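Colleague: One file: structure07.cif (mmCIF, N, CA and C atoms).
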data_model
loop_
_atom_site.label_atom_id
_atom_site.label_comp_id
_atom_site.auth_asym_id
_atom_site.auth_seq_id
_atom_site.Cartn_x
_atom_site.Cartn_y
_atom_site.Cartn_z
N MET W 1 0.84 -1.18 0.00
CA MET W 1 0.00 0.00 0.00
C MET W 1 0.89 1.24 0.00
N SER W 2 0.53 2.23 -0.77
CA SER W 2 1.31 3.46 -0.81
C SER W 2 0.45 4.63 -0.34
N ALA W 3 1.12 5.61 0.20
CA ALA W 3 0.41 6.77 0.74
C ALA W 3 1.05 8.03 0.20
N SER W 4 0.24 9.08 0.08
CA SER W 4 0.75 10.37 -0.35
C SER W 4 1.46 11.03 0.83
N ILE W 5 2.58 11.71 0.53
CA ILE W 5 3.36 12.32 1.59
C ILE W 5 3.94 13.64 1.08
N THR W 6 4.05 14.61 1.97
CA THR W 6 4.71 15.88 1.67
C THR W 6 5.70 16.15 2.77
N VAL W 7 6.93 16.49 2.39
CA VAL W 7 7.96 16.86 3.36
C VAL W 7 8.58 18.20 2.96
N VAL W 8 8.99 18.95 3.96
CA VAL W 8 9.67 20.22 3.75
C VAL W 8 10.98 20.13 4.51
N GLY W 9 12.08 20.31 3.80
CA GLY W 9 13.38 20.21 4.44
C GLY W 9 14.47 20.64 3.49
N SER W 10 15.70 20.29 3.83
CA SER W 10 16.87 20.70 3.04
C SER W 10 17.49 19.51 2.33
N ILE W 11 17.93 19.75 1.08
CA ILE W 11 18.58 18.71 0.29
C ILE W 11 19.90 18.35 0.96
N GLY W 12 20.14 17.05 1.13
CA GLY W 12 21.29 16.57 1.88
C GLY W 12 22.60 16.49 1.12
N GLN W 13 22.56 16.38 -0.21
CA GLN W 13 23.79 16.30 -1.00
C GLN W 13 23.53 16.86 -2.39
N ASP W 14 24.60 17.28 -3.07
CA ASP W 14 24.42 17.79 -4.43
C ASP W 14 23.88 16.67 -5.31
N PRO W 15 22.80 16.94 -6.02
CA PRO W 15 22.19 15.89 -6.84
C PRO W 15 22.98 15.64 -8.13
N GLU W 16 22.87 14.41 -8.62
CA GLU W 16 23.52 14.02 -9.87
C GLU W 16 22.54 13.17 -10.66
N VAL W 17 22.26 13.57 -11.89
CA VAL W 17 21.33 12.82 -12.72
C VAL W 17 22.02 11.54 -13.19
N LYS W 18 21.26 10.45 -13.20
CA LYS W 18 21.74 9.15 -13.68
C LYS W 18 20.72 8.64 -14.68
N PHE W 19 21.11 7.61 -15.41
CA PHE W 19 20.24 7.07 -16.45
C PHE W 19 20.13 5.56 -16.34
N PHE W 20 18.90 5.06 -16.50
CA PHE W 20 18.68 3.62 -16.60
C PHE W 20 19.21 3.16 -17.97
N ASP W 21 19.36 1.84 -18.16
CA ASP W 21 19.79 1.31 -19.45
C ASP W 21 18.85 1.75 -20.57
N SER W 22 17.59 1.98 -20.23
CA SER W 22 16.59 2.40 -21.22
C SER W 22 16.79 3.85 -21.66
N GLY W 23 17.65 4.60 -20.94
CA GLY W 23 17.87 6.01 -21.24
C GLY W 23 17.03 6.94 -20.39
N LYS W 24 16.13 6.40 -19.57
CA LYS W 24 15.27 7.20 -18.70
C LYS W 24 16.11 7.80 -17.57
N ALA W 25 15.99 9.12 -17.39
CA ALA W 25 16.76 9.83 -16.37
C ALA W 25 16.12 9.68 -14.99
N TYR W 26 16.96 9.69 -13.96
CA TYR W 26 16.47 9.73 -12.58
C TYR W 26 17.50 10.40 -11.70
N VAL W 27 17.05 10.88 -10.56
CA VAL W 27 17.95 11.44 -9.56
C VAL W 27 17.48 10.96 -8.19
N ASN W 28 18.42 10.46 -7.41
CA ASN W 28 18.16 10.09 -6.02
C ASN W 28 18.71 11.22 -5.16
N PHE W 29 17.94 11.63 -4.18
CA PHE W 29 18.41 12.65 -3.25
C PHE W 29 17.74 12.43 -1.90
N SER W 30 18.30 13.03 -0.88
CA SER W 30 17.71 12.93 0.44
C SER W 30 17.33 14.31 0.94
N VAL W 31 16.29 14.34 1.77
CA VAL W 31 15.81 15.58 2.35
C VAL W 31 15.85 15.44 3.87
N ALA W 32 16.53 16.38 4.51
CA ALA W 32 16.63 16.40 5.97
C ALA W 32 15.53 17.29 6.53
N VAL W 33 14.75 16.73 7.44
CA VAL W 33 13.67 17.47 8.07
C VAL W 33 13.96 17.50 9.57
N GLY W 34 14.18 18.70 10.07
CA GLY W 34 14.50 18.83 11.49
C GLY W 34 13.47 19.67 12.20
N SER W 35 13.55 19.66 13.50
CA SER W 35 12.64 20.48 14.29
C SER W 35 13.47 21.32 15.27
N ARG W 36 12.93 22.46 15.62
CA ARG W 36 13.56 23.34 16.60
C ARG W 36 12.48 23.87 17.51
N LYS W 37 12.85 24.11 18.75
CA LYS W 37 11.91 24.73 19.68
C LYS W 37 12.70 25.61 20.63
N LYS W 38 11.99 26.54 21.24
CA LYS W 38 12.62 27.45 22.20
C LYS W 38 12.49 26.87 23.60
N ASP W 39 13.57 27.01 24.37
CA ASP W 39 13.50 26.58 25.76
C ASP W 39 12.94 27.72 26.61
N ALA W 40 12.89 27.54 27.91
CA ALA W 40 12.30 28.53 28.81
C ALA W 40 13.04 29.87 28.77
N ASP W 41 14.34 29.83 28.40
CA ASP W 41 15.14 31.05 28.35
C ASP W 41 15.08 31.72 26.97
N GLY W 42 14.33 31.15 26.06
CA GLY W 42 14.21 31.73 24.72
C GLY W 42 15.29 31.29 23.75
N ASN W 43 16.11 30.31 24.14
CA ASN W 43 17.17 29.80 23.27
C ASN W 43 16.61 28.68 22.39
N TRP W 44 17.09 28.62 21.13
CA TRP W 44 16.65 27.57 20.21
C TRP W 44 17.37 26.26 20.52
N ILE W 45 16.61 25.18 20.54
CA ILE W 45 17.16 23.84 20.75
C ILE W 45 16.81 23.01 19.51
N ASP W 46 17.84 22.43 18.88
CA ASP W 46 17.61 21.57 17.72
C ASP W 46 17.09 20.22 18.17
N GLY W 47 16.05 19.76 17.48
CA GLY W 47 15.49 18.44 17.76
C GLY W 47 16.11 17.40 16.85
N GLU W 48 15.50 16.26 16.79
CA GLU W 48 15.99 15.16 15.98
C GLU W 48 15.75 15.45 14.50
N THR W 49 16.66 14.98 13.64
CA THR W 49 16.52 15.14 12.20
C THR W 49 16.07 13.82 11.58
N SER W 50 15.07 13.89 10.72
CA SER W 50 14.61 12.72 9.96
C SER W 50 15.08 12.90 8.52
N TRP W 51 15.53 11.81 7.91
CA TRP W 51 16.01 11.84 6.53
C TRP W 51 15.04 11.07 5.65
N PHE W 52 14.69 11.65 4.51
CA PHE W 52 13.79 11.01 3.56
C PHE W 52 14.52 10.82 2.23
N ASP W 53 14.62 9.57 1.79
CA ASP W 53 15.21 9.27 0.49
C ASP W 53 14.15 9.49 -0.58
N CYS W 54 14.51 10.20 -1.64
CA CYS W 54 13.56 10.58 -2.69
C CYS W 54 14.13 10.24 -4.06
N THR W 55 13.26 9.97 -5.02
CA THR W 55 13.67 9.73 -6.40
C THR W 55 12.72 10.47 -7.33
N ALA W 56 13.31 11.25 -8.25
CA ALA W 56 12.55 11.94 -9.29
C ALA W 56 12.99 11.38 -10.63
N TYR W 57 12.09 11.39 -11.62
CA TYR W 57 12.36 10.75 -12.90
C TYR W 57 12.21 11.71 -14.07
N GLU W 58 12.81 11.31 -15.18
CA GLU W 58 12.70 11.92 -16.49
C GLU W 58 13.03 13.41 -16.48
N VAL W 59 12.22 14.25 -17.12
CA VAL W 59 12.53 15.68 -17.23
C VAL W 59 12.63 16.31 -15.85
N GLN W 60 11.80 15.88 -14.92
CA GLN W 60 11.84 16.45 -13.58
C GLN W 60 13.21 16.19 -12.93
N ALA W 61 13.80 15.02 -13.17
CA ALA W 61 15.12 14.72 -12.63
C ALA W 61 16.16 15.68 -13.19
N GLU W 62 16.11 15.92 -14.49
CA GLU W 62 17.07 16.82 -15.11
C GLU W 62 16.85 18.26 -14.65
N ASN W 63 15.61 18.69 -14.53
CA ASN W 63 15.32 20.03 -14.02
C ASN W 63 15.82 20.18 -12.59
N PHE W 64 15.63 19.15 -11.79
CA PHE W 64 16.07 19.15 -10.39
C PHE W 64 17.58 19.40 -10.32
N VAL W 65 18.34 18.62 -11.08
CA VAL W 65 19.80 18.72 -11.05
C VAL W 65 20.27 20.09 -11.54
N ASN W 66 19.57 20.66 -12.51
CA ASN W 66 19.96 21.96 -13.06
C ASN W 66 19.48 23.13 -12.20
N SER W 67 18.65 22.88 -11.21
CA SER W 67 18.05 23.97 -10.45
C SER W 67 18.39 24.00 -8.97
N LEU W 68 18.62 22.85 -8.36
CA LEU W 68 18.72 22.78 -6.91
C LEU W 68 20.06 22.17 -6.48
N ALA W 69 20.52 22.53 -5.29
CA ALA W 69 21.80 22.05 -4.78
C ALA W 69 21.68 21.70 -3.30
N LYS W 70 22.72 21.09 -2.79
CA LYS W 70 22.80 20.73 -1.38
C LYS W 70 22.47 21.95 -0.53
N GLY W 71 21.62 21.75 0.48
CA GLY W 71 21.26 22.80 1.41
C GLY W 71 20.03 23.59 1.02
N THR W 72 19.57 23.45 -0.24
CA THR W 72 18.38 24.18 -0.67
C THR W 72 17.16 23.64 0.07
N ARG W 73 16.36 24.53 0.61
CA ARG W 73 15.12 24.13 1.28
C ARG W 73 14.07 23.86 0.21
N VAL W 74 13.47 22.67 0.26
CA VAL W 74 12.51 22.25 -0.75
C VAL W 74 11.23 21.72 -0.13
N VAL W 75 10.19 21.70 -0.96
CA VAL W 75 8.92 21.07 -0.63
C VAL W 75 8.78 19.90 -1.60
N VAL W 76 8.68 18.69 -1.07
CA VAL W 76 8.58 17.49 -1.89
C VAL W 76 7.25 16.80 -1.62
N THR W 77 6.52 16.52 -2.68
CA THR W 77 5.27 15.77 -2.58
C THR W 77 5.41 14.53 -3.44
N GLY W 78 4.94 13.43 -2.93
CA GLY W 78 5.03 12.20 -3.71
C GLY W 78 4.31 11.05 -3.07
N THR W 79 4.66 9.87 -3.53
CA THR W 79 4.07 8.64 -3.03
C THR W 79 5.10 7.91 -2.18
N GLN W 80 4.68 7.52 -0.99
CA GLN W 80 5.57 6.76 -0.13
C GLN W 80 5.68 5.35 -0.66
N VAL W 81 6.91 4.87 -0.82
CA VAL W 81 7.16 3.54 -1.36
C VAL W 81 7.84 2.71 -0.29
N GLN W 82 7.36 1.48 -0.10
CA GLN W 82 7.93 0.57 0.89
C GLN W 82 8.70 -0.53 0.17
N ARG W 83 9.91 -0.81 0.65
CA ARG W 83 10.73 -1.86 0.05
C ARG W 83 11.25 -2.76 1.16
N LYS W 84 11.10 -4.07 0.97
CA LYS W 84 11.63 -5.03 1.94
C LYS W 84 12.91 -5.63 1.39
N TYR W 85 13.87 -5.84 2.28
CA TYR W 85 15.14 -6.43 1.85
C TYR W 85 15.76 -7.17 3.03
N THR W 86 16.80 -7.94 2.73
CA THR W 86 17.54 -8.67 3.74
C THR W 86 18.91 -8.02 3.86
N ASP W 87 19.28 -7.62 5.08
CA ASP W 87 20.57 -6.96 5.26
C ASP W 87 21.71 -7.98 5.24
N LYS W 88 22.95 -7.52 5.37
CA LYS W 88 24.12 -8.39 5.26
C LYS W 88 24.18 -9.45 6.37
N ASP W 89 23.46 -9.21 7.47
CA ASP W 89 23.43 -10.17 8.57
C ASP W 89 22.25 -11.13 8.47
N GLY W 90 21.48 -11.05 7.38
CA GLY W 90 20.34 -11.93 7.17
C GLY W 90 19.05 -11.47 7.82
N ASN W 91 19.02 -10.25 8.34
CA ASN W 91 17.81 -9.73 8.98
C ASN W 91 16.89 -9.09 7.95
N GLU W 92 15.59 -9.36 8.10
CA GLU W 92 14.59 -8.73 7.22
C GLU W 92 14.44 -7.27 7.63
N ARG W 93 14.50 -6.38 6.65
CA ARG W 93 14.38 -4.95 6.91
C ARG W 93 13.34 -4.34 5.98
N THR W 94 12.84 -3.18 6.36
CA THR W 94 11.91 -2.42 5.53
C THR W 94 12.47 -1.01 5.39
N ALA W 95 12.50 -0.53 4.16
CA ALA W 95 12.96 0.84 3.88
C ALA W 95 11.82 1.59 3.22
N TYR W 96 11.74 2.87 3.51
CA TYR W 96 10.71 3.72 2.92
C TYR W 96 11.39 4.83 2.14
N SER W 97 10.80 5.18 1.02
CA SER W 97 11.30 6.30 0.23
C SER W 97 10.12 7.02 -0.40
N ILE W 98 10.43 8.11 -1.09
CA ILE W 98 9.38 8.90 -1.73
C ILE W 98 9.62 8.90 -3.24
N ARG W 99 8.62 8.48 -4.00
CA ARG W 99 8.64 8.62 -5.45
C ARG W 99 8.06 10.01 -5.73
N VAL W 100 8.90 10.91 -6.18
CA VAL W 100 8.55 12.33 -6.29
C VAL W 100 7.52 12.58 -7.39
N GLU W 101 6.47 13.29 -7.01
CA GLU W 101 5.50 13.78 -7.98
C GLU W 101 5.76 15.25 -8.28
N GLU W 102 6.09 16.03 -7.24
CA GLU W 102 6.41 17.45 -7.38
C GLU W 102 7.52 17.80 -6.41
N VAL W 103 8.41 18.68 -6.84
CA VAL W 103 9.43 19.22 -5.95
C VAL W 103 9.62 20.69 -6.33
N ALA W 104 9.75 21.53 -5.30
CA ALA W 104 9.92 22.96 -5.54
C ALA W 104 10.78 23.56 -4.44
N ALA W 105 11.46 24.63 -4.79
CA ALA W 105 12.22 25.37 -3.79
C ALA W 105 11.22 26.05 -2.86
N SER W 106 11.51 26.03 -1.58
CA SER W 106 10.67 26.72 -0.61
C SER W 106 10.97 28.22 -0.69
N LEU W 107 9.93 29.01 -0.63
CA LEU W 107 10.08 30.46 -0.70
C LEU W 107 10.04 31.10 0.69
N LYS W 108 10.13 30.29 1.73
CA LYS W 108 10.07 30.82 3.09
C LYS W 108 11.24 31.76 3.39
N TRP W 109 12.45 31.38 2.95
CA TRP W 109 13.63 32.19 3.22
C TRP W 109 14.47 32.44 1.97
N ALA W 110 13.89 32.26 0.80
CA ALA W 110 14.65 32.44 -0.43
C ALA W 110 13.74 32.89 -1.56
N THR W 111 14.36 33.37 -2.63
CA THR W 111 13.62 33.70 -3.84
C THR W 111 14.16 32.82 -4.96
N VAL W 112 13.36 32.62 -5.99
CA VAL W 112 13.79 31.83 -7.14
C VAL W 112 13.38 32.56 -8.42
N ALA W 113 14.09 32.26 -9.49
CA ALA W 113 13.72 32.75 -10.82
C ALA W 113 13.33 31.53 -11.64
N VAL W 114 12.15 31.53 -12.20
CA VAL W 114 11.65 30.37 -12.93
C VAL W 114 11.93 30.54 -14.42
N THR W 115 12.50 29.52 -15.02
CA THR W 115 12.72 29.48 -16.46
C THR W 115 11.99 28.26 -16.99
N ARG W 116 11.04 28.49 -17.86
CA ARG W 116 10.26 27.37 -18.42
C ARG W 116 11.08 26.63 -19.46
N ASN W 117 10.92 25.32 -19.49
CA ASN W 117 11.52 24.51 -20.55
C ASN W 117 10.72 24.73 -21.82
N PRO W 118 11.36 24.71 -22.99
CA PRO W 118 10.61 24.84 -24.24
C PRO W 118 9.74 23.60 -24.45
N LYS W 119 8.60 23.81 -25.08
CA LYS W 119 7.73 22.70 -25.43
C LYS W 119 8.27 22.04 -26.68
N LYS W 120 8.01 20.77 -26.84
CA LYS W 120 8.44 20.07 -28.05
C LYS W 120 7.76 20.70 -29.25
N GLY W 121 8.53 20.92 -30.32
CA GLY W 121 7.98 21.44 -31.56
C GLY W 121 7.75 22.93 -31.57
N GLU W 122 8.47 23.70 -30.72
CA GLU W 122 8.28 25.15 -30.72
C GLU W 122 9.09 25.84 -31.81
N GLY W 123 9.71 25.08 -32.69
CA GLY W 123 10.42 25.67 -33.82
C GLY W 123 11.74 26.30 -33.41
N ASP W 124 12.07 27.43 -34.06
CA ASP W 124 13.37 28.07 -33.85
C ASP W 124 13.56 28.55 -32.41
N ASN W 125 12.49 28.83 -31.71
CA ASN W 125 12.61 29.31 -30.32
C ASN W 125 12.76 28.18 -29.33
N ALA W 126 12.77 26.92 -29.78
CA ALA W 126 12.79 25.78 -28.87
C ALA W 126 14.06 25.73 -28.03
N SER W 127 15.16 26.30 -28.52
CA SER W 127 16.39 26.23 -27.74
C SER W 127 16.52 27.36 -26.73
N ALA W 128 15.69 28.37 -26.82
CA ALA W 128 15.76 29.50 -25.90
C ALA W 128 14.70 29.37 -24.82
N PRO W 129 15.14 29.23 -23.54
CA PRO W 129 14.16 29.12 -22.47
C PRO W 129 13.35 30.41 -22.33
N ARG W 130 12.10 30.26 -21.95
CA ARG W 130 11.23 31.42 -21.75
C ARG W 130 11.19 31.77 -20.28
N GLN W 131 11.31 33.03 -19.98
CA GLN W 131 11.23 33.49 -18.59
C GLN W 131 9.77 33.61 -18.19
N ALA W 132 9.49 33.28 -16.95
CA ALA W 132 8.14 33.51 -16.43
C ALA W 132 7.93 35.02 -16.36
N SER W 133 6.70 35.45 -16.50
CA SER W 133 6.44 36.88 -16.48
C SER W 133 6.76 37.46 -15.12
N SER W 134 7.30 38.65 -15.11
CA SER W 134 7.65 39.30 -13.84
C SER W 134 6.42 39.93 -13.22
N ALA W 135 6.52 40.21 -11.94
CA ALA W 135 5.39 40.80 -11.23
C ALA W 135 5.02 42.15 -11.83
N SER W 136 6.01 42.92 -12.31
CA SER W 136 5.72 44.23 -12.86
C SER W 136 4.96 44.14 -14.18
N ALA W 137 5.06 43.00 -14.87
CA ALA W 137 4.37 42.84 -16.14
C ALA W 137 2.92 42.38 -15.95
N ARG W 138 2.59 41.96 -14.72
CA ARG W 138 1.23 41.49 -14.44
C ARG W 138 0.32 42.65 -14.13
N PRO W 139 -0.97 42.52 -14.45
CA PRO W 139 -1.92 43.58 -14.09
C PRO W 139 -2.05 43.69 -12.57
N ALA W 140 -2.37 44.84 -12.09
CA ALA W 140 -2.57 45.04 -10.66
C ALA W 140 -3.77 44.22 -10.19
N ALA W 141 -3.76 43.86 -8.91
CA ALA W 141 -4.83 43.02 -8.36
C ALA W 141 -6.20 43.67 -8.54
N THR W 142 -6.23 44.99 -8.52
CA THR W 142 -7.52 45.68 -8.64
C THR W 142 -8.14 45.50 -10.03
N GLU W 143 -7.33 45.08 -11.02
CA GLU W 143 -7.89 44.82 -12.34
C GLU W 143 -8.67 43.50 -12.36
N PHE W 144 -8.41 42.62 -11.38
CA PHE W 144 -9.09 41.33 -11.32
C PHE W 144 -10.27 41.34 -10.35
N PHE W 145 -10.21 42.20 -9.35
CA PHE W 145 -11.22 42.20 -8.31
C PHE W 145 -11.83 43.61 -8.19
N ASP W 146 -13.10 43.65 -7.81
CA ASP W 146 -13.73 44.94 -7.57
C ASP W 146 -13.22 45.58 -6.30
N SER W 147 -12.79 44.73 -5.35
CA SER W 147 -12.22 45.25 -4.12
C SER W 147 -11.11 44.30 -3.68
N GLU W 148 -10.27 44.76 -2.76
CA GLU W 148 -9.20 43.93 -2.25
C GLU W 148 -9.80 42.72 -1.52
N PRO W 149 -9.12 41.54 -1.62
CA PRO W 149 -9.71 40.33 -1.03
C PRO W 149 -9.75 40.31 0.49
N PHE W 150 -8.97 41.20 1.18
CA PHE W 150 -8.95 41.16 2.65
C PHE W 150 -9.25 42.50 3.22
#
What is this structure when it is put down as C-alpha cells?
Modeller:
Amino acid sequence: MSASITVVGSIGQDPEVKFFDSGKAYVNFSVAVGSRKKDADGNWIDGETSWFDCTAYEVQAENFVNSLAKGTRVVVTGTQVQRKYTDKDGNERTAYSIRVEEVAASLKWATVAVTRNPKKGEGDNASAPRQASSASARPAATEFFDSEPF
C-alpha cells in the first residue's frame, strides 16, 4: 500500500542525474527534516533530524539537477514507497522512500527565478528558455477584483 506524503526540508547532498539502461533519467536525493523549539530562556534547541530518500524521474530529474543544490530548502510531494530487503546479517528490513510527484524550492527564506523549458515542436525558439512573467508585467490586483480580497 502506498500513501501520499509531503515533506519540507533541506537537500542533503548535491544531486547528480543518472540514467537507466533504457535512457530514462532519474535522480536520487535525500531531504533532511528537522525540528527546533525554544527553551524557557528563549534559546533555540535543535530536535531530531529525519532523513527522507527521494527519487525523481525523467525531465523532472534533469530540471532538479539543473536547479537545486545541497542545502536548498525544498517542498517534496510524492508517493511513499515501501521496500523489503535482507541486510548483510540476514535480517529482514523495511525501507521507505518517496517517489517524487512534485518538488519545488521553498520560498520561506529564499527567492527563485523560474525558467520554463521549451515545449516540443516550438520551432526556432525551442532552444531558448522562456522566462516567467515578472510581477511588474502582471496587471494590478484591482484589475481582477472589484475590491481587495482582505
Colleague: With distances taken over all atoms listed in the file, which residue among W:Val27, W:Cys54, W:Val103, W:Ala61 lies nearest Val76 of chain W?
Modeller: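 Using all atoms listed in the file, Val76 of chain W sits closest to W:Val103.
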Colleague: Written as a PyMOL selection string, what is the full residue list that the PyMOL selection byres (((chain W and resi 99 and name CA) around 6) and name CA) yields on the file shown?
Modeller: chain W and resi 54-55+78-79+98+100
Colleague: Taking (19.3, 15.3, 9.3) as a centre in this file's frame and 7 Å as the limit, can you find every polymer residue with an atom that close, using only C-alpha atoms, and give them as a ChimeraX atom specification?
Modeller: /W:32-34,49-51
Colleague: What lies within 10 Å of Phe52 of chain W using only C-alpha atoms, ignoring chain neighbours under 4 positions off, as a PyMOL selection string?
Modeller: chain W and resi 7+9+11-12+29-33+76+80+96-98
Colleague: Which of segment 8-119 of chain W end up as alpha helix (DSSP H) when DSSP is run on this backbone - answer as an mmCIF file with N, CA and C atoms, in the coordinates of the input?
Modeller:
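Contents of out.cif, freshly written:
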data_model
loop_
_atom_site.group_PDB
_atom_site.id
_atom_site.type_symbol
_atom_site.label_atom_id
_atom_site.label_comp_id
_atom_site.auth_asym_id
_atom_site.auth_seq_id
_atom_site.Cartn_x
_atom_site.Cartn_y
_atom_site.Cartn_z
ATOM 1 N N GLU W 58 12.810 11.310 -15.180
ATOM 2 C CA GLU W 58 12.700 11.920 -16.490
ATOM 3 C C GLU W 58 13.030 13.410 -16.480
ATOM 4 N N VAL W 59 12.220 14.250 -17.120
ATOM 5 C CA VAL W 59 12.530 15.680 -17.230
ATOM 6 C C VAL W 59 12.630 16.310 -15.850
ATOM 7 N N GLN W 60 11.800 15.880 -14.920
ATOM 8 C CA GLN W 60 11.840 16.450 -13.580
ATOM 9 C C GLN W 60 13.210 16.190 -12.930
ATOM 10 N N ALA W 61 13.800 15.020 -13.170
ATOM 11 C CA ALA W 61 15.120 14.720 -12.630
ATOM 12 C C ALA W 61 16.160 15.680 -13.190
ATOM 13 N N GLU W 62 16.110 15.920 -14.490
ATOM 14 C CA GLU W 62 17.070 16.820 -15.110
ATOM 15 C C GLU W 62 16.850 18.260 -14.650
ATOM 16 N N ASN W 63 15.610 18.690 -14.530
ATOM 17 C CA ASN W 63 15.320 20.030 -14.020
ATOM 18 C C ASN W 63 15.820 20.180 -12.590
ATOM 19 N N PHE W 64 15.630 19.150 -11.790
ATOM 20 C CA PHE W 64 16.070 19.150 -10.390
ATOM 21 C C PHE W 64 17.580 19.400 -10.320
ATOM 22 N N VAL W 65 18.340 18.620 -11.080
ATOM 23 C CA VAL W 65 19.800 18.720 -11.050
ATOM 24 C C VAL W 65 20.270 20.090 -11.540
ATOM 25 N N ASN W 66 19.570 20.660 -12.510
ATOM 26 C CA ASN W 66 19.960 21.960 -13.060
ATOM 27 C C ASN W 66 19.480 23.130 -12.200
ATOM 28 N N SER W 67 18.650 22.880 -11.210
ATOM 29 C CA SER W 67 18.050 23.970 -10.450
ATOM 30 C C SER W 67 18.390 24.000 -8.970
#
Colleague: To one decimal place, how far is atom CA of Glu62 of chain W from atom CA of Thr6 of chain W in Å?
Modeller: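 Taking atom CA of Glu62 of chain W as the start and atom CA of Thr6 of chain W as the end point, the length is 20.9 Å.
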Colleague: Extract the full set of strand (DSSP E) residues from segment 27-128 of chain W according to DSSP on the backbone, and format it as a ChimeraX atom specification.
Modeller: /W:27-38,44-57,73-86,92-105,115-116
Colleague: Point out the residue among W:Gln13, W:Thr77, W:Ser67, W:Ser35 with the least atom-to-atom distance to Arg116 of chain W, counting only C-alpha atoms.
Modeller: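 Looking only at the distances to Arg116 of chain W, the closest residue turns out to be W:Ser67.
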